[in-house]
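Participant: Sharing a structure here in structure tokens format.
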Amino acid sequence: MAKWFGRCPECQAWGTLEEVGVPRAALTRVAAGLPSSPARPIAEVDIEAAKARRTGVPELDRVLGGGLVPGAVVLLAGEPGVGKSTLLLEVAYRWAARDGEYGPTLYVTGEESAGQVRLRAERTGNVHGSMFLAAESDVSALIGHVDAVKPGMLVVDSVQTMSSPAVDGAPGGVTQVRAVTAALVALAKERALPVLLVGHVTKDGSIAGPRVLEHLVDVVLHFEGDRHSSLRMLRGVKNRFGPADEVGCFELVESGIVGVPDPSGLFLNKRDVGVPGTAVTVAVEGKRPLLGEVQALVSKSPLGTPRRAVSGLDSARVAMVLAVLERRGGVRLGDADVFAATVGGMKIPEPAADLAIALAVATAARDVALPPDLVVLGEVGLAGEVRRVSGVKARLTEAMRLGFTKALIPPDSGDVPDGLQIRVVPDLGSAMGNLQVLR
Ligand SMILES: Nc1ncnc2c1ncn2[C@@H]1O[C@H](COP(=O)(O)OP(=O)(O)OP(=O)(O)O)[C@@H](O)[C@H]1O
Ligand SMILES: [Mg+2]
């Protein structure tokens, strides 16, 4: 850093500093080198080779923004046992099944023996003549396999089990994982080969986990799901070639993994009559509107400090909504146990579900029921006001598609679809007032 000093910072004397020459190495001339390929007018650059190719698993293609781009490195991160290997085996199979189009697939596993992977593939029906399998944990051997098979797609399960003897550190350590990923990225770019990498994350977001790799790869996908539910969500976290906020839905079944193109109905209990303590809302996952049901139970507590138990919802938001309900809505909950949950393992952390939580708890406390064909949208503020949420039109359109006919929505919601019976509720009081009217 070059900066003028009038006074010596050491001895505080003025005018004693002398200017000396700045090294000029940065200014030396660089001779022209040989271009790897000549620059061309942009309109003449070939785009066919860079276009996304469908993997054959539509829910994955949706998250990728169309498919796999040649040379793209995709990191699939997830907790142990969530189904990463099952998903990628399915992808490898679908791709191989179109061998004529994009070449065979190579699945390299460092986690299991080739025999174990074959057993899984037999169980899930993912065996194909153009699928090649290798059990390997050395990166240079892996590249050797790529040279031999010349695949159109490479799966590496997992990046933590691969290592390079040329690099220090234990396999799975930060240095190794970085080196392995860098080698695979170079391989992918050099051969325009799409590479799918499995990365493990632990509950505490392990050190050598995918976090340190996120900037090295082109696409980062998170595979998530509840241990007790078979539903899995594939979330785009980063995507250089497409949208990063898409969500794919899968279900783990005995025979492998299947895409769920229309997950909305999974989180609802379809009924003909309303039940006290339930309210239906529309959450947004990525760009997908998803209907979800909030259930609440309020019962007199035998304890000095009543219980508050929450599942699938944000517990801090539920606590806030309960306080607002008590103070602004006149629902007494002080000596009651309150339980609030979603249905089917769905997670709704969004504030847009506040009003549904409030109405589920209020109807549970008063033992009245909302109409079964009503959806509720709105964030609840501390003053009891019902605030705007985003994408009201898309949410209501999805609700209509699933047969809902009535909606409570916040003021200033913009455009709403025709054909719904809509009531705008500016605050919690008016939402509660509407309960009688709507029945
Ligand atoms: N024979 C089987 N029948 C039914 N389900 C099975 C069978 N074997 C495994 N599974 C289920 O498949 C799920 C996904 O397993 P998978 O190996 O794909 O997960 P993973 O994310 O690759 O795990 P890991 O991080 O340990 O490699 C597991 O939760 C398991 O319960
Ligand atoms: Mg696995």
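Residues in the structure tokens are numbered from 1 in each chain, the chains being A, B, ... in the order shown, and ligands are numbered from 1 in the order shown.
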Using only C-alpha atoms and all ligand atoms, which residues of the polymer chains come no farther than 6 Å from ligand 1? I'd like the answer as a ChimeraX atom specification.

Facilitator: /A:80-86,254

Participant: Produce as an MDAnalysis selection string the set of residues near ligand 2, where near means within 12 Å with only C-alpha atoms and all ligand atoms considered.

Facilitator: chainID A and resid 76:89 107:113 116:117 120 155:161 197:201

Participant: Put those residues in a file: N, CA and C atoms, as an mmCIF file, in the first residue's frame.

Facilitator:
```cif
data_model
loop_
_atom_site.group_PDB
_atom_site.id
_atom_site.type_symbol
_atom_site.label_atom_id
_atom_site.label_comp_id
_atom_site.auth_asym_id
_atom_site.auth_seq_id
_atom_site.Cartn_x
_atom_site.Cartn_y
_atom_site.Cartn_z
ATOM 1 N N LEU A 76 -24.327 -33.216 -4.593
ATOM 2 C CA LEU A 76 -25.567 -33.605 -3.921
ATOM 3 C C LEU A 76 -25.244 -33.852 -2.456
ATOM 4 N N ALA A 77 -25.698 -32.949 -1.606
ATOM 5 C CA ALA A 77 -25.353 -33.041 -0.191
ATOM 6 C C ALA A 77 -26.543 -33.520 0.610
ATOM 7 N N GLY A 78 -26.273 -34.317 1.614
ATOM 8 C CA GLY A 78 -27.371 -34.776 2.456
ATOM 9 C C GLY A 78 -26.878 -35.591 3.622
ATOM 10 N N GLU A 79 -27.742 -35.750 4.604
ATOM 11 C CA GLU A 79 -27.392 -36.518 5.797
ATOM 12 C C GLU A 79 -27.317 -38.004 5.475
ATOM 13 N N PRO A 80 -26.613 -38.760 6.320
ATOM 14 C CA PRO A 80 -26.497 -40.202 6.064
ATOM 15 C C PRO A 80 -27.866 -40.872 5.981
ATOM 16 N N GLY A 81 -28.019 -41.726 5.005
ATOM 17 C CA GLY A 81 -29.248 -42.513 4.902
ATOM 18 C C GLY A 81 -30.434 -41.809 4.282
ATOM 19 N N VAL A 82 -30.253 -40.589 3.812
ATOM 20 C CA VAL A 82 -31.396 -39.852 3.274
ATOM 21 C C VAL A 82 -31.803 -40.391 1.890
ATOM 22 N N GLY A 83 -30.856 -41.047 1.218
ATOM 23 C CA GLY A 83 -31.199 -41.637 -0.081
ATOM 24 C C GLY A 83 -30.364 -41.117 -1.238
ATOM 25 N N LYS A 84 -29.182 -40.583 -0.952
ATOM 26 C CA LYS A 84 -28.341 -40.001 -2.001
ATOM 27 C C LYS A 84 -27.922 -41.055 -3.024
ATOM 28 N N SER A 85 -27.430 -42.190 -2.523
ATOM 29 C CA SER A 85 -26.965 -43.234 -3.431
ATOM 30 C C SER A 85 -28.134 -43.782 -4.258
ATOM 31 N N THR A 86 -29.275 -43.926 -3.608
ATOM 32 C CA THR A 86 -30.447 -44.444 -4.317
ATOM 33 C C THR A 86 -30.841 -43.506 -5.459
ATOM 34 N N LEU A 87 -30.844 -42.214 -5.170
ATOM 35 C CA LEU A 87 -31.220 -41.240 -6.197
ATOM 36 C C LEU A 87 -30.235 -41.254 -7.361
ATOM 37 N N LEU A 88 -28.935 -41.243 -7.042
ATOM 38 C CA LEU A 88 -27.956 -41.150 -8.122
ATOM 39 C C LEU A 88 -27.880 -42.444 -8.942
ATOM 40 N N LEU A 89 -28.189 -43.556 -8.303
ATOM 41 C CA LEU A 89 -28.240 -44.810 -9.046
ATOM 42 C C LEU A 89 -29.388 -44.754 -10.062
ATOM 43 N N TYR A 107 -20.445 -45.207 -12.584
ATOM 44 C CA TYR A 107 -20.749 -44.967 -11.173
ATOM 45 C C TYR A 107 -19.564 -45.457 -10.363
ATOM 46 N N VAL A 108 -18.851 -44.531 -9.726
ATOM 47 C CA VAL A 108 -17.687 -44.920 -8.937
ATOM 48 C C VAL A 108 -18.040 -44.802 -7.466
ATOM 49 N N THR A 109 -17.894 -45.899 -6.744
ATOM 50 C CA THR A 109 -18.250 -45.863 -5.334
ATOM 51 C C THR A 109 -17.027 -46.113 -4.459
ATOM 52 N N GLY A 110 -16.894 -45.301 -3.442
ATOM 53 C CA GLY A 110 -15.823 -45.490 -2.476
ATOM 54 C C GLY A 110 -16.420 -45.912 -1.159
ATOM 55 N N GLU A 111 -17.753 -46.008 -1.133
ATOM 56 C CA GLU A 111 -18.462 -46.277 0.116
ATOM 57 C C GLU A 111 -18.770 -47.748 0.265
ATOM 58 N N GLU A 112 -19.183 -48.345 -0.837
ATOM 59 C CA GLU A 112 -19.645 -49.723 -0.781
ATOM 60 C C GLU A 112 -18.834 -50.532 -1.775
ATOM 61 N N SER A 113 -18.965 -51.859 -1.703
ATOM 62 C CA SER A 113 -18.313 -52.678 -2.720
ATOM 63 C C SER A 113 -19.205 -52.662 -3.958
ATOM 64 N N GLN A 116 -22.265 -54.683 -3.506
ATOM 65 C CA GLN A 116 -23.354 -54.088 -2.722
ATOM 66 C C GLN A 116 -24.172 -53.134 -3.579
ATOM 67 N N VAL A 117 -23.484 -52.383 -4.427
ATOM 68 C CA VAL A 117 -24.208 -51.445 -5.295
ATOM 69 C C VAL A 117 -25.061 -52.233 -6.288
ATOM 70 N N ARG A 120 -28.209 -53.323 -4.618
ATOM 71 C CA ARG A 120 -29.179 -52.240 -4.520
ATOM 72 C C ARG A 120 -29.829 -52.011 -5.881
ATOM 73 N N VAL A 155 -20.757 -40.497 -11.895
ATOM 74 C CA VAL A 155 -21.263 -40.337 -10.531
ATOM 75 C C VAL A 155 -20.150 -40.739 -9.567
ATOM 76 N N VAL A 156 -19.861 -39.903 -8.589
ATOM 77 C CA VAL A 156 -18.833 -40.232 -7.595
ATOM 78 C C VAL A 156 -19.484 -40.254 -6.214
ATOM 79 N N ASP A 157 -19.495 -41.428 -5.596
ATOM 80 C CA ASP A 157 -20.167 -41.619 -4.309
ATOM 81 C C ASP A 157 -19.141 -42.131 -3.297
ATOM 82 N N SER A 158 -18.606 -41.355 -2.447
ATOM 83 C CA SER A 158 -18.824 -39.934 -2.233
ATOM 84 C C SER A 158 -17.493 -39.206 -2.287
ATOM 85 N N VAL A 159 -17.532 -37.901 -2.325
ATOM 86 C CA VAL A 159 -16.306 -37.127 -2.438
ATOM 87 C C VAL A 159 -15.427 -37.304 -1.195
ATOM 88 N N GLN A 160 -16.061 -37.582 -0.061
ATOM 89 C CA GLN A 160 -15.283 -37.765 1.186
ATOM 90 C C GLN A 160 -14.470 -39.057 1.199
ATOM 91 N N THR A 161 -14.866 -40.032 0.395
ATOM 92 C CA THR A 161 -14.134 -41.306 0.427
ATOM 93 C C THR A 161 -13.025 -41.352 -0.617
ATOM 94 N N LEU A 197 -21.525 -35.450 -7.751
ATOM 95 C CA LEU A 197 -20.748 -35.816 -6.564
ATOM 96 C C LEU A 197 -21.666 -35.945 -5.368
ATOM 97 N N VAL A 198 -21.464 -36.998 -4.589
ATOM 98 C CA VAL A 198 -22.192 -37.098 -3.330
ATOM 99 C C VAL A 198 -21.338 -36.470 -2.240
ATOM 100 N N GLY A 199 -21.936 -35.680 -1.390
ATOM 101 C CA GLY A 199 -21.218 -35.112 -0.249
ATOM 102 C C GLY A 199 -22.023 -35.345 1.018
ATOM 103 N N HIS A 200 -21.347 -35.774 2.073
ATOM 104 C CA HIS A 200 -22.064 -36.013 3.333
ATOM 105 C C HIS A 200 -22.112 -34.751 4.169
ATOM 106 N N VAL A 201 -23.228 -34.519 4.787
ATOM 107 C CA VAL A 201 -23.263 -33.503 5.838
ATOM 108 C C VAL A 201 -23.736 -34.164 7.108
#
```

Participant: Would you mind reading off the distance between atom CA of Val343 of chain A and atom CA of Leu234 of chain A, one decimal, in Å?

Facilitator: 19.3 Å

Participant: Near Val260 of chain A, within 9 Å and counting only C-alpha atoms, which residues show up once chain neighbours fewer than 3 positions away are dropped, as a list in words?

Facilitator: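 Answer for this query is Glu59, Leu231, Gly248, Cys249, Phe250, Glu251 and Pro263 of chain A.
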
Participant: Write the residues you've just listed into a file as an mmCIF file, in the first residue's frame, and include N, CA, C and O atoms for each of them.

Facilitator:
```
data_model
loop_
_atom_site.group_PDB
_atom_site.id
_atom_site.type_symbol
_atom_site.label_atom_id
_atom_site.label_comp_id
_atom_site.auth_asym_id
_atom_site.auth_seq_id
_atom_site.Cartn_x
_atom_site.Cartn_y
_atom_site.Cartn_z
ATOM 1 N N GLU A 59 -37.993 -34.759 -11.836
ATOM 2 C CA GLU A 59 -37.921 -33.914 -10.640
ATOM 3 C C GLU A 59 -36.511 -33.340 -10.450
ATOM 4 O O GLU A 59 -36.337 -32.255 -9.924
ATOM 5 N N LEU A 231 -40.896 -39.085 2.477
ATOM 6 C CA LEU A 231 -40.837 -37.992 1.516
ATOM 7 C C LEU A 231 -39.477 -37.305 1.539
ATOM 8 O O LEU A 231 -38.912 -37.072 2.598
ATOM 9 N N GLY A 248 -37.483 -30.221 -5.824
ATOM 10 C CA GLY A 248 -37.992 -31.471 -6.401
ATOM 11 C C GLY A 248 -38.491 -32.356 -5.278
ATOM 12 O O GLY A 248 -37.990 -32.307 -4.164
ATOM 13 N N CYS A 249 -39.494 -33.145 -5.573
ATOM 14 C CA CYS A 249 -40.098 -33.984 -4.552
ATOM 15 C C CYS A 249 -39.978 -35.456 -4.914
ATOM 16 O O CYS A 249 -40.269 -35.836 -6.047
ATOM 17 N N PHE A 250 -39.533 -36.249 -3.965
ATOM 18 C CA PHE A 250 -39.377 -37.684 -4.203
ATOM 19 C C PHE A 250 -39.980 -38.460 -3.053
ATOM 20 O O PHE A 250 -40.124 -37.947 -1.950
ATOM 21 N N GLU A 251 -40.256 -39.729 -3.336
ATOM 22 C CA GLU A 251 -40.672 -40.607 -2.253
ATOM 23 C C GLU A 251 -39.788 -41.844 -2.292
ATOM 24 O O GLU A 251 -39.572 -42.424 -3.358
ATOM 25 N N PRO A 263 -46.992 -32.936 -5.212
ATOM 26 C CA PRO A 263 -46.939 -33.283 -3.792
ATOM 27 C C PRO A 263 -48.000 -32.603 -2.938
ATOM 28 O O PRO A 263 -48.150 -32.942 -1.771
#
```

Participant: Name the residues of segment 89-336 of chain A that come out as alpha helix (DSSP H) in a backbone DSSP run; write them as a ChimeraX atom specification.

Facilitator: /A:89-96,99-102,114-124,139-149,174-191,315-328
